[in-house]
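Data from run_17.cif: mmCIF, C-alpha atoms and all ligand atoms
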data_coords
loop_
_atom_site.label_atom_id
_atom_site.label_comp_id
_atom_site.auth_asym_id
_atom_site.auth_seq_id
_atom_site.Cartn_x
_atom_site.Cartn_y
_atom_site.Cartn_z
CA MET A 508 -18.35 44.58 -168.76
CA SER A 509 -20.06 42.48 -171.40
CA ASP A 510 -16.57 41.55 -172.55
CA LEU A 511 -15.84 40.15 -169.04
CA ASP A 512 -19.19 38.35 -168.95
CA GLY A 513 -18.40 36.74 -172.28
CA LEU A 514 -14.95 35.68 -171.05
CA GLU A 515 -16.39 34.21 -167.84
CA LYS A 516 -19.03 32.23 -169.72
CA ASP A 517 -16.42 30.93 -172.15
CA LEU A 518 -14.05 29.88 -169.36
CA MET A 519 -16.81 28.28 -167.33
CA THR A 520 -17.89 26.24 -170.37
CA LYS A 521 -14.29 25.09 -170.89
CA ILE A 522 -13.90 24.18 -167.21
CA ASP A 523 -17.07 22.09 -167.32
CA ALA A 524 -15.97 20.43 -170.54
CA ALA A 525 -12.48 19.50 -169.27
CA SER A 526 -12.68 15.72 -169.10
CA SER A 527 -9.29 15.05 -167.51
CA GLU A 528 -7.00 16.68 -165.01
CA ALA A 529 -4.57 17.46 -167.86
CA ALA A 530 -7.29 19.21 -169.89
CA LEU A 531 -8.33 21.18 -166.81
CA GLU A 532 -4.72 22.23 -166.24
CA GLU A 533 -4.66 23.62 -169.80
CA VAL A 534 -7.75 25.71 -169.05
CA ARG A 535 -6.13 26.94 -165.83
CA ILE A 536 -2.98 28.03 -167.65
CA ALA A 537 -5.02 29.68 -170.41
CA SER A 538 -6.99 31.69 -167.83
CA LEU A 539 -5.00 32.17 -164.61
CA GLY A 540 -1.47 31.36 -165.88
CA LYS A 541 1.07 34.18 -166.37
CA LYS A 542 -0.17 34.80 -169.89
CA GLY A 543 -3.69 33.62 -169.27
CA ALA A 544 -6.75 35.62 -170.33
CA VAL A 545 -7.63 36.72 -166.77
CA SER A 546 -4.02 37.57 -165.88
CA GLU A 547 -3.62 39.61 -169.06
CA ARG A 548 -6.69 41.64 -168.06
CA MET A 549 -5.27 42.22 -164.60
CA LYS A 550 -2.13 43.67 -166.15
CA THR A 551 -4.23 46.38 -167.92
CA LEU A 552 -5.41 47.75 -164.54
CA GLY A 553 -2.20 49.78 -164.09
CA LYS A 554 -2.84 51.76 -167.22
CA MET A 555 -6.38 52.68 -166.31
CA SER A 556 -7.66 55.88 -164.82
CA ALA A 557 -8.49 55.83 -161.12
CA ASP A 558 -12.22 55.74 -161.85
CA GLU A 559 -11.93 52.97 -164.37
CA ARG A 560 -9.73 50.95 -161.99
CA LYS A 561 -12.25 51.36 -159.19
CA GLN A 562 -14.81 49.65 -161.33
CA MET A 563 -12.69 47.10 -163.15
CA GLY A 564 -10.58 46.10 -160.11
CA PRO A 565 -13.35 44.38 -158.13
CA ALA A 566 -14.91 43.00 -161.33
CA LEU A 567 -11.65 41.33 -162.36
CA ASN A 568 -10.89 40.09 -158.83
CA GLY A 569 -14.39 38.62 -158.63
CA LEU A 570 -13.90 36.90 -161.98
CA LYS A 571 -10.53 35.51 -160.88
CA ALA A 572 -12.02 34.19 -157.63
CA ARG A 573 -14.95 32.50 -159.36
CA ILE A 574 -12.75 30.91 -162.02
CA THR A 575 -10.29 29.69 -159.35
CA GLN A 576 -13.14 28.17 -157.37
CA ALA A 577 -14.71 26.56 -160.43
CA ILE A 578 -11.37 25.00 -161.40
CA GLU A 579 -10.93 23.64 -157.83
CA ALA A 580 -14.43 22.19 -157.84
CA ARG A 581 -13.93 20.59 -161.23
CA LYS A 582 -10.59 19.20 -160.08
CA THR A 583 -12.19 17.53 -157.06
CA THR A 584 -14.84 15.95 -159.30
CA LEU A 585 -12.25 14.70 -161.79
CA GLU A 586 -10.04 13.27 -159.02
CA ALA A 587 -12.98 11.38 -157.50
CA ALA A 588 -13.92 9.99 -160.92
CA ALA A 589 -10.31 8.95 -161.59
CA LEU A 590 -10.15 7.16 -158.23
CA ASP A 591 -13.43 5.35 -158.93
CA ALA A 592 -12.13 4.24 -162.32
CA ARG A 593 -8.91 2.96 -160.75
CA LEU A 594 -10.76 1.12 -158.02
CA ALA A 595 -12.98 -0.50 -160.62
CA THR A 596 -10.07 -1.73 -162.76
CA GLU A 597 -7.84 -2.77 -159.87
CA ARG A 598 -10.57 -4.63 -158.00
CA VAL A 599 -9.58 -8.06 -156.60
CA ASP A 600 -12.26 -10.75 -156.36
CA ILE A 601 -11.82 -12.18 -152.89
CA THR A 602 -14.92 -14.35 -152.93
CA LEU A 603 -14.47 -18.16 -153.11
CA PRO A 604 -16.02 -20.09 -155.97
CA ALA A 605 -19.21 -21.94 -155.01
CA ARG A 606 -18.46 -25.48 -153.77
CA THR A 607 -19.49 -27.88 -156.51
CA SER A 608 -21.04 -31.08 -155.27
CA PRO A 609 -18.30 -33.72 -155.11
CA LYS A 610 -18.14 -36.39 -157.80
CA GLY A 611 -18.00 -40.01 -156.69
CA LYS A 612 -19.01 -41.79 -153.51
CA ILE A 613 -17.26 -43.53 -150.64
CA HIS A 614 -17.66 -47.32 -150.84
CA PRO A 615 -19.61 -48.89 -147.92
CA VAL A 616 -16.51 -50.96 -147.01
CA SER A 617 -14.44 -47.77 -146.64
CA GLN A 618 -17.28 -46.08 -144.79
CA VAL A 619 -17.71 -48.91 -142.28
CA THR A 620 -13.93 -49.20 -141.81
CA GLU A 621 -13.84 -45.48 -140.97
CA GLU A 622 -16.77 -45.88 -138.60
CA VAL A 623 -15.12 -48.80 -136.78
CA VAL A 624 -11.83 -46.90 -136.55
CA ALA A 625 -13.64 -43.82 -135.18
CA ILE A 626 -15.35 -45.86 -132.46
CA PHE A 627 -12.27 -47.78 -131.31
CA SER A 628 -10.02 -44.70 -131.54
CA ALA A 629 -12.31 -43.00 -129.05
CA MET A 630 -11.76 -46.00 -126.75
CA GLY A 631 -7.97 -45.60 -126.97
CA PHE A 632 -7.15 -48.20 -129.65
CA ASP A 633 -4.47 -47.72 -132.32
CA VAL A 634 -4.76 -49.00 -135.88
CA ALA A 635 -2.24 -51.66 -136.98
CA GLU A 636 -1.74 -53.17 -140.41
CA GLY A 637 0.11 -56.12 -141.92
CA PRO A 638 0.85 -57.70 -145.30
CA ASP A 639 -1.78 -59.47 -147.43
CA ILE A 640 0.81 -62.08 -148.45
CA GLU A 641 1.70 -64.06 -145.35
CA ASP A 642 3.71 -67.09 -144.36
CA ASP A 643 2.40 -70.19 -142.67
CA PHE A 644 4.00 -69.21 -139.35
CA HIS A 645 2.10 -65.92 -138.88
CA ASN A 646 -1.19 -67.05 -140.44
CA PHE A 647 -1.39 -70.44 -138.67
CA THR A 648 1.47 -71.84 -136.60
CA ALA A 649 2.07 -68.91 -134.23
CA LEU A 650 -1.72 -68.67 -133.79
CA ASN A 651 -1.67 -72.19 -132.29
CA PHE A 652 -3.05 -74.07 -135.31
CA PRO A 653 -1.38 -77.49 -134.90
CA ALA A 654 0.31 -78.89 -138.05
CA ASP A 655 -2.20 -80.88 -140.11
CA HIS A 656 -5.00 -79.79 -137.80
CA PRO A 657 -8.38 -79.61 -139.61
CA ALA A 658 -8.72 -75.96 -138.53
CA ARG A 659 -6.27 -75.14 -141.31
CA ASP A 660 -8.62 -76.70 -143.87
CA MET A 661 -11.54 -74.62 -142.55
CA HIS A 662 -9.93 -71.58 -144.10
CA ASP A 663 -9.82 -72.71 -147.77
CA THR A 664 -6.44 -71.05 -148.17
CA PHE A 665 -5.04 -69.64 -151.42
CA PHE A 666 -1.41 -70.84 -151.59
CA PHE A 667 1.32 -69.55 -153.89
CA GLU A 668 3.69 -71.88 -155.78
CA PRO A 669 6.36 -73.22 -153.40
CA LYS A 670 9.54 -71.12 -153.17
CA GLN A 671 12.96 -72.71 -153.83
CA ASP A 672 13.27 -73.68 -150.18
CA GLY A 673 9.87 -75.38 -150.42
CA GLU A 674 7.98 -72.77 -148.33
CA ARG A 675 4.58 -71.84 -149.67
CA MET A 676 3.47 -68.26 -149.07
CA LEU A 677 -0.28 -67.66 -148.88
CA LEU A 678 -2.91 -64.92 -149.00
CA ARG A 679 -3.81 -64.32 -145.36
CA THR A 680 -7.09 -66.00 -144.46
CA HIS A 681 -7.76 -63.62 -141.57
CA THR A 682 -6.34 -60.46 -139.97
CA SER A 683 -5.17 -62.45 -136.90
CA PRO A 684 -1.52 -62.77 -138.14
CA VAL A 685 -1.15 -59.05 -137.42
CA GLN A 686 -1.74 -59.93 -133.73
CA ILE A 687 1.49 -61.97 -133.91
CA ARG A 688 3.40 -59.26 -135.76
CA THR A 689 2.33 -56.67 -133.18
CA MET A 690 3.04 -58.75 -130.06
CA LYS A 691 6.48 -59.67 -131.42
CA THR A 692 7.45 -56.02 -131.94
CA GLN A 693 5.57 -54.03 -129.28
CA ALA A 694 5.67 -54.31 -125.52
CA PRO A 695 2.32 -54.45 -123.67
CA PRO A 696 0.05 -52.70 -122.93
CA ILE A 697 -1.29 -53.26 -126.44
CA ARG A 698 -4.64 -51.96 -127.66
CA ILE A 699 -5.05 -52.24 -131.42
CA ILE A 700 -7.57 -52.85 -134.13
CA ILE A 701 -6.48 -54.31 -137.45
CA PRO A 702 -8.70 -53.61 -140.45
CA GLY A 703 -7.71 -55.20 -143.75
CA ARG A 704 -8.28 -57.49 -146.72
CA THR A 705 -8.51 -61.24 -146.24
CA TYR A 706 -8.84 -64.12 -148.71
CA ARG A 707 -10.54 -67.50 -148.87
CA CYS A 708 -11.51 -69.74 -151.75
CA ASP A 709 -15.27 -69.27 -151.44
CA SER A 710 -18.01 -67.50 -153.40
CA ASP A 711 -21.78 -67.15 -152.94
CA GLN A 712 -24.28 -64.49 -151.89
CA THR A 713 -22.51 -63.88 -148.59
CA HIS A 714 -18.93 -64.95 -149.45
CA THR A 715 -16.39 -63.52 -151.86
CA PRO A 716 -12.78 -64.75 -152.39
CA MET A 717 -11.55 -61.39 -151.09
CA PHE A 718 -13.32 -59.81 -148.15
CA HIS A 719 -12.55 -57.55 -145.20
CA GLN A 720 -12.08 -58.13 -141.50
CA VAL A 721 -11.31 -56.05 -138.49
CA GLU A 722 -9.42 -57.69 -135.67
CA GLY A 723 -9.02 -56.40 -132.13
CA LEU A 724 -6.29 -57.18 -129.63
CA VAL A 725 -5.79 -56.02 -126.05
CA ILE A 726 -2.85 -57.27 -123.98
CA ASP A 727 -2.16 -56.08 -120.46
CA ARG A 728 -1.55 -57.57 -117.05
CA GLN A 729 -5.11 -57.90 -115.81
CA THR A 730 -7.33 -57.77 -118.85
CA ASN A 731 -10.26 -60.16 -118.46
CA MET A 732 -13.45 -61.32 -120.16
CA GLY A 733 -15.43 -58.55 -118.50
CA HIS A 734 -13.34 -56.02 -120.42
CA LEU A 735 -13.92 -57.99 -123.61
CA LYS A 736 -17.67 -57.97 -123.10
CA GLY A 737 -17.86 -54.30 -122.14
CA THR A 738 -15.74 -53.25 -125.10
CA LEU A 739 -17.76 -55.23 -127.64
CA GLU A 740 -21.12 -54.09 -126.27
CA ALA A 741 -19.98 -50.45 -126.34
CA PHE A 742 -18.83 -51.00 -129.91
CA CYS A 743 -22.16 -52.48 -131.01
CA LYS A 744 -24.18 -49.64 -129.50
CA ALA A 745 -22.00 -47.03 -131.18
CA PHE A 746 -21.82 -48.85 -134.51
CA PHE A 747 -25.52 -49.61 -134.88
CA GLU A 748 -26.34 -46.18 -133.41
CA VAL A 749 -28.80 -47.54 -130.83
CA ASP A 750 -29.14 -46.87 -127.09
CA SER A 751 -28.91 -50.49 -126.03
CA VAL A 752 -28.09 -53.86 -127.56
CA LYS A 753 -28.88 -57.31 -126.33
CA THR A 754 -25.84 -59.58 -126.65
CA ARG A 755 -25.11 -63.21 -125.93
CA PHE A 756 -21.77 -65.03 -125.83
CA ARG A 757 -21.89 -68.63 -127.08
CA PRO A 758 -18.95 -70.97 -126.41
CA HIS A 759 -17.03 -71.71 -129.60
CA PHE A 760 -13.63 -72.94 -130.74
CA PHE A 761 -10.72 -70.94 -132.17
CA PRO A 762 -7.16 -72.30 -131.86
CA PHE A 763 -5.79 -68.91 -130.78
CA THR A 764 -8.20 -68.15 -127.91
CA GLU A 765 -9.19 -69.99 -124.76
CA PRO A 766 -11.96 -69.68 -123.80
CA SER A 767 -13.45 -68.76 -127.18
CA ALA A 768 -16.89 -67.43 -127.95
CA GLU A 769 -19.10 -66.14 -130.70
CA MET A 770 -21.05 -63.03 -129.91
CA ASP A 771 -24.65 -62.79 -131.07
CA ILE A 772 -26.79 -59.67 -131.03
CA GLY A 773 -30.54 -59.51 -130.69
CA TYR A 774 -32.63 -58.40 -133.66
CA GLU A 775 -36.14 -58.46 -134.99
CA ARG A 776 -37.58 -58.41 -138.45
CA VAL A 777 -40.22 -55.73 -139.06
CA GLY A 778 -41.57 -56.24 -142.56
CA LYS A 779 -38.53 -56.28 -144.80
CA GLU A 780 -36.44 -54.34 -142.32
CA ILE A 781 -34.03 -55.83 -139.77
CA ARG A 782 -33.96 -53.92 -136.47
CA ILE A 783 -30.75 -54.48 -134.58
CA GLY A 784 -30.41 -54.32 -130.82
CA GLN A 785 -33.62 -55.84 -129.48
CA GLY A 786 -35.95 -58.68 -130.38
CA ALA A 787 -36.30 -62.43 -129.99
CA ASP A 788 -33.90 -63.49 -132.75
CA TRP A 789 -30.11 -63.80 -132.53
CA MET A 790 -27.52 -63.09 -135.15
CA GLU A 791 -23.84 -64.00 -134.92
CA ILE A 792 -21.62 -61.03 -135.57
CA LEU A 793 -18.13 -61.85 -134.37
CA GLY A 794 -15.67 -64.33 -132.87
CA CYS A 795 -13.69 -63.55 -129.75
CA GLY A 796 -11.93 -64.93 -126.70
CA MET A 797 -9.02 -64.67 -124.30
CA VAL A 798 -5.67 -64.92 -126.09
CA HIS A 799 -4.37 -68.52 -125.77
CA PRO A 800 -1.27 -68.88 -123.54
CA ASN A 801 0.52 -70.67 -126.41
CA VAL A 802 0.01 -67.62 -128.65
CA LEU A 803 1.50 -65.34 -125.98
CA LYS A 804 4.47 -67.74 -125.63
CA ASN A 805 4.96 -67.86 -129.41
CA CYS A 806 5.36 -64.08 -129.30
CA GLY A 807 7.81 -64.12 -126.40
CA LEU A 808 5.30 -62.98 -123.75
CA ASP A 809 5.01 -64.74 -120.39
CA PRO A 810 1.38 -65.95 -119.94
CA ASP A 811 1.81 -65.74 -116.16
CA GLU A 812 2.49 -62.05 -116.51
CA PHE A 813 0.32 -60.99 -119.44
CA GLN A 814 -3.12 -61.84 -120.70
CA GLY A 815 -5.64 -60.27 -122.98
CA PHE A 816 -8.55 -60.63 -125.34
CA ALA A 817 -8.99 -60.69 -129.09
CA PHE A 818 -11.91 -60.50 -131.49
CA GLY A 819 -12.49 -60.58 -135.20
CA MET A 820 -15.41 -59.64 -137.41
CA GLY A 821 -16.32 -59.19 -141.07
CA ILE A 822 -16.44 -55.58 -142.23
CA ASP A 823 -18.46 -56.41 -145.35
CA ARG A 824 -21.00 -58.28 -143.22
CA LEU A 825 -21.29 -55.31 -140.85
CA ALA A 826 -21.89 -53.05 -143.86
CA MET A 827 -24.58 -55.38 -145.27
CA LEU A 828 -26.36 -55.48 -141.91
CA LYS A 829 -26.19 -51.79 -141.08
CA TYR A 830 -27.04 -50.48 -144.54
CA GLY A 831 -29.37 -53.25 -145.74
CA ILE A 832 -27.26 -54.42 -148.68
CA PRO A 833 -28.48 -57.86 -149.79
CA ASP A 834 -25.65 -59.35 -151.91
CA LEU A 835 -21.96 -59.25 -151.01
CA ARG A 836 -20.81 -59.91 -154.57
CA ASP A 837 -22.14 -56.49 -155.67
CA PHE A 838 -19.57 -54.87 -153.35
CA PHE A 839 -16.83 -55.82 -155.77
CA ALA A 840 -18.67 -55.56 -159.10
CA ALA A 841 -17.39 -52.00 -159.71
CA ASP A 842 -20.86 -50.87 -160.81
CA ALA A 843 -21.10 -47.07 -160.65
CA ARG A 844 -24.91 -47.17 -160.30
CA TRP A 845 -24.61 -49.45 -157.24
CA LEU A 846 -22.05 -47.13 -155.69
CA GLU A 847 -24.19 -44.09 -156.45
CA HIS A 848 -27.01 -45.77 -154.51
CA TYR A 849 -25.14 -47.35 -151.59
CA GLY A 850 -22.13 -45.00 -151.39
CA PHE A 851 -21.47 -42.13 -148.97
CA ASP A 852 -20.70 -38.44 -149.38
CA PRO A 853 -16.90 -37.97 -149.40
CA LEU A 854 -17.22 -34.76 -147.37
CA ASP A 855 -19.03 -36.46 -144.49
CA GLN A 856 -16.26 -38.11 -142.51
CA PRO A 857 -17.64 -40.53 -139.91
CA ASN A 858 -16.99 -39.28 -136.40
CA LEU A 859 -18.63 -39.70 -133.03
CA ALA A 860 -19.30 -35.99 -132.49
CA THR A 861 -21.47 -35.24 -135.53
CA GLY A 862 -22.65 -38.81 -136.15
CA LEU A 863 -21.26 -41.88 -137.85
CA SER A 864 -23.57 -42.35 -140.79
CA ARG A 865 -25.80 -39.23 -140.86
N1 LIG A 901 -9.72 -65.10 -137.19
C1 LIG A 901 -11.08 -65.55 -137.02
C2 LIG A 901 -11.69 -65.88 -138.36
O1 LIG A 901 -11.26 -65.37 -139.34
C3 LIG A 901 -11.91 -64.50 -136.33
C4 LIG A 901 -11.50 -64.32 -134.93
C5 LIG A 901 -12.14 -65.03 -133.92
C6 LIG A 901 -10.51 -63.47 -134.58
C7 LIG A 901 -11.78 -64.91 -132.61
C8 LIG A 901 -10.14 -63.32 -133.26
C9 LIG A 901 -10.78 -64.05 -132.29
O2 LIG A 901 -9.16 -62.49 -132.88
O3 LIG A 901 -10.41 -63.93 -131.00
O4 LIG A 901 -12.63 -66.63 -138.41
#
Take the structure in the file and give it back as C-alpha cells.
Amino acid sequence: MSDLDGLEKDLMTKIDAASSEAALEEVRIASLGKKGAVSERMKTLGKMSADERKQMGPALNGLKARITQAIEARKTTLEAAALDARLATERVDITLPARTSPKGKIHPVSQVTEEVVAIFSAMGFDVAEGPDIEDDFHNFTALNFPADHPARDMHDTFFFEPKQDGERMLLRTHTSPVQIRTMKTQAPPIRIIIPGRTYRCDSDQTHTPMFHQVEGLVIDRQTNMGHLKGTLEAFCKAFFEVDSVKTRFRPHFFPFTEPSAEMDIGYERVGKEIRIGQGADWMEILGCGMVHPNVLKNCGLDPDEFQGFAFGMGIDRLAMLKYGIPDLRDFFAADARWLEHYGFDPLDQPNLATGLSR
C-alpha cells in the first residue's frame, strides 16, 4: 500500500508541475499509457491471489480514477492559461488616438466668407466665382460705365501692359463683373452671391491694394426693392447675431443700378466697444440697387421681362466690424501672432444651426 501511496504522491507532484499541455501528456503516458506505471500495476492483478486482488483491485482503480481526474483538471487549467496568453498577444487596439488640438487658425477673411456663404445658402443663393484678371468689358462697359466716365477713375484701377491688339487687361476692381458673366451664361431665375478678391491702388488703415468683396445678384420676373430690403436686413441680423437691426437706405449712385442706395445700420459706441444693430449713429455697410436696364440688355436679357437687385460689400470691413479688428493692413501682414489672436478654430465650421462665430 505504501508503494501505491508513494506512486500517487509522485504522479500528483508531476501533474502539478506540468507547465504545458505537452508536458502533461508525457505524465499521462507515463502513468495511464499502455506501459505507464498505473497500467503496469493493473496488469499484475491477474497473477494475484483472490484475496490479494480483492484488496489491490479497488485500490488501483481508485488510484487510476484520481490520477485521471487530476490530469483532466490540470489540462483545463493549462488550456485556460494558454487561451489567456493568446488573447493577450493577439489583442487589437481598437481605441482611437486622442484628438490633438489642431495647429493653425482660420483667417478672419475666410471665417467671414464662410459665415456669409452659410447665411445666403440658407436663403437659397448659390455661390459664383470669376477671374481676378478681367477685361474692360466685364469690369466696366457691360456694367454701364460710359467710356471716359469719371466713375472709372473712382476705382483706381491696376492695368496690365497693353496686349498686341492694344487691349489692356486689368485686376478687377470689384466682384460686379461676375454678375455679367453669370447673366450671360445662366437663364433667370438667378440667385447668387460672389465672394472674391478685388484690387484698387489704395493703401491706408482701412484700405489695402487687395481686398475682398461679396456681391449679390437676384434676377427674376417680379423681384423688387422690397425683396432687396428684406434680404439685406435678414442678412444683417444673422451676420451680426442680433435679434433686430435698424437699417436705412440712402440714395446713391452706381452706374449699374437704378435706383441705387447705400445701406446704413444703426450702432452705438459703449466705451471702446461698438454695438451693432441699435443706437443713434449710422454706419454705411454696403451698396445696392435695382439692376440697371442697360446692364440687363448688355447680357441679352429683356428689361421688360426681367428685373432684379444687386448689392456689394467689403468682406474685410465686415470682419473688422464684427470682430473688432482695428487695422486692415494687419490682415495681410502674415503675422502668426496676429492670426493666433484673431483667427478661428479650424474644426468649428460656421453654420446657422450651431452658431456662426461661437
Ligand atoms: N461694385 C460696387 C463697388 O465696388 C459695390 C456695389 C454697389 C455692388 C451696388 C453692387 C451694387 O452690386 O448693386 O463699390
Margin query: Could you list, as a list in words, every residue within 12 Å of Asp771 of chain A, counting all atoms listed in the file and ignoring same-chain residues fewer than 3 positions away?
Written below: Lys736, Leu739, Glu740, Cys743, Val752, Lys753, Thr754, Arg755, Phe756, Arg757, Pro758, His759, Ala768, Tyr774, Ile783, Gly784, Gln785, Ala787, Asp788, Trp789, Met790, Glu791, Ile792, Leu793, Gly794, Cys795 and Met820 of chain A
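Between atom CA of Pro762 of chain A and atom CA of Leu650 of chain A there is a distance of 6.8 Å.
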Item checked: Near-ligand residues for ligand LIG 901 (chain A), threshold 7 Å, all atoms listed in the file, as an MDAnalysis selection string -> chainID A and resid 680:683 722:724 761 763:764 767 793:798 816:820
Let me see the file: selected residues, C-alpha atoms, as a short mmCIF file (atom, residue, chain, number, x, y, z; two decimals), in the coordinates of the input.
data_model
loop_
_atom_site.label_atom_id
_atom_site.label_comp_id
_atom_site.auth_asym_id
_atom_site.auth_seq_id
_atom_site.Cartn_x
_atom_site.Cartn_y
_atom_site.Cartn_z
CA THR A 680 -7.09 -66.00 -144.46
CA HIS A 681 -7.76 -63.62 -141.57
CA THR A 682 -6.34 -60.46 -139.97
CA SER A 683 -5.17 -62.45 -136.90
CA GLU A 722 -9.42 -57.69 -135.67
CA GLY A 723 -9.02 -56.40 -132.13
CA LEU A 724 -6.29 -57.18 -129.63
CA PHE A 761 -10.72 -70.94 -132.17
CA PHE A 763 -5.79 -68.91 -130.78
CA THR A 764 -8.20 -68.15 -127.91
CA SER A 767 -13.45 -68.76 -127.18
CA LEU A 793 -18.13 -61.85 -134.37
CA GLY A 794 -15.67 -64.33 -132.87
CA CYS A 795 -13.69 -63.55 -129.75
CA GLY A 796 -11.93 -64.93 -126.70
CA MET A 797 -9.02 -64.67 -124.30
CA VAL A 798 -5.67 -64.92 -126.09
CA PHE A 816 -8.55 -60.63 -125.34
CA ALA A 817 -8.99 -60.69 -129.09
CA PHE A 818 -11.91 -60.50 -131.49
CA GLY A 819 -12.49 -60.58 -135.20
CA MET A 820 -15.41 -59.64 -137.41
#
Check: Can you tell me how far atom CA of Lys571 of chain A sits from atom CA of Lys550 of chain A, in Å to one decimal?
Finding: 12.8 Å
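For the pair atom CA of Pro810 of chain A and atom CA of Gly637 of chain A, the interatomic distance is 24.1 Å.
Distances here use all atoms listed in the file; by that measure, the residue among A:Lys541, A:Lys561, A:Arg548, A:Arg581 closest to Ser527 of chain A is A:Arg581.
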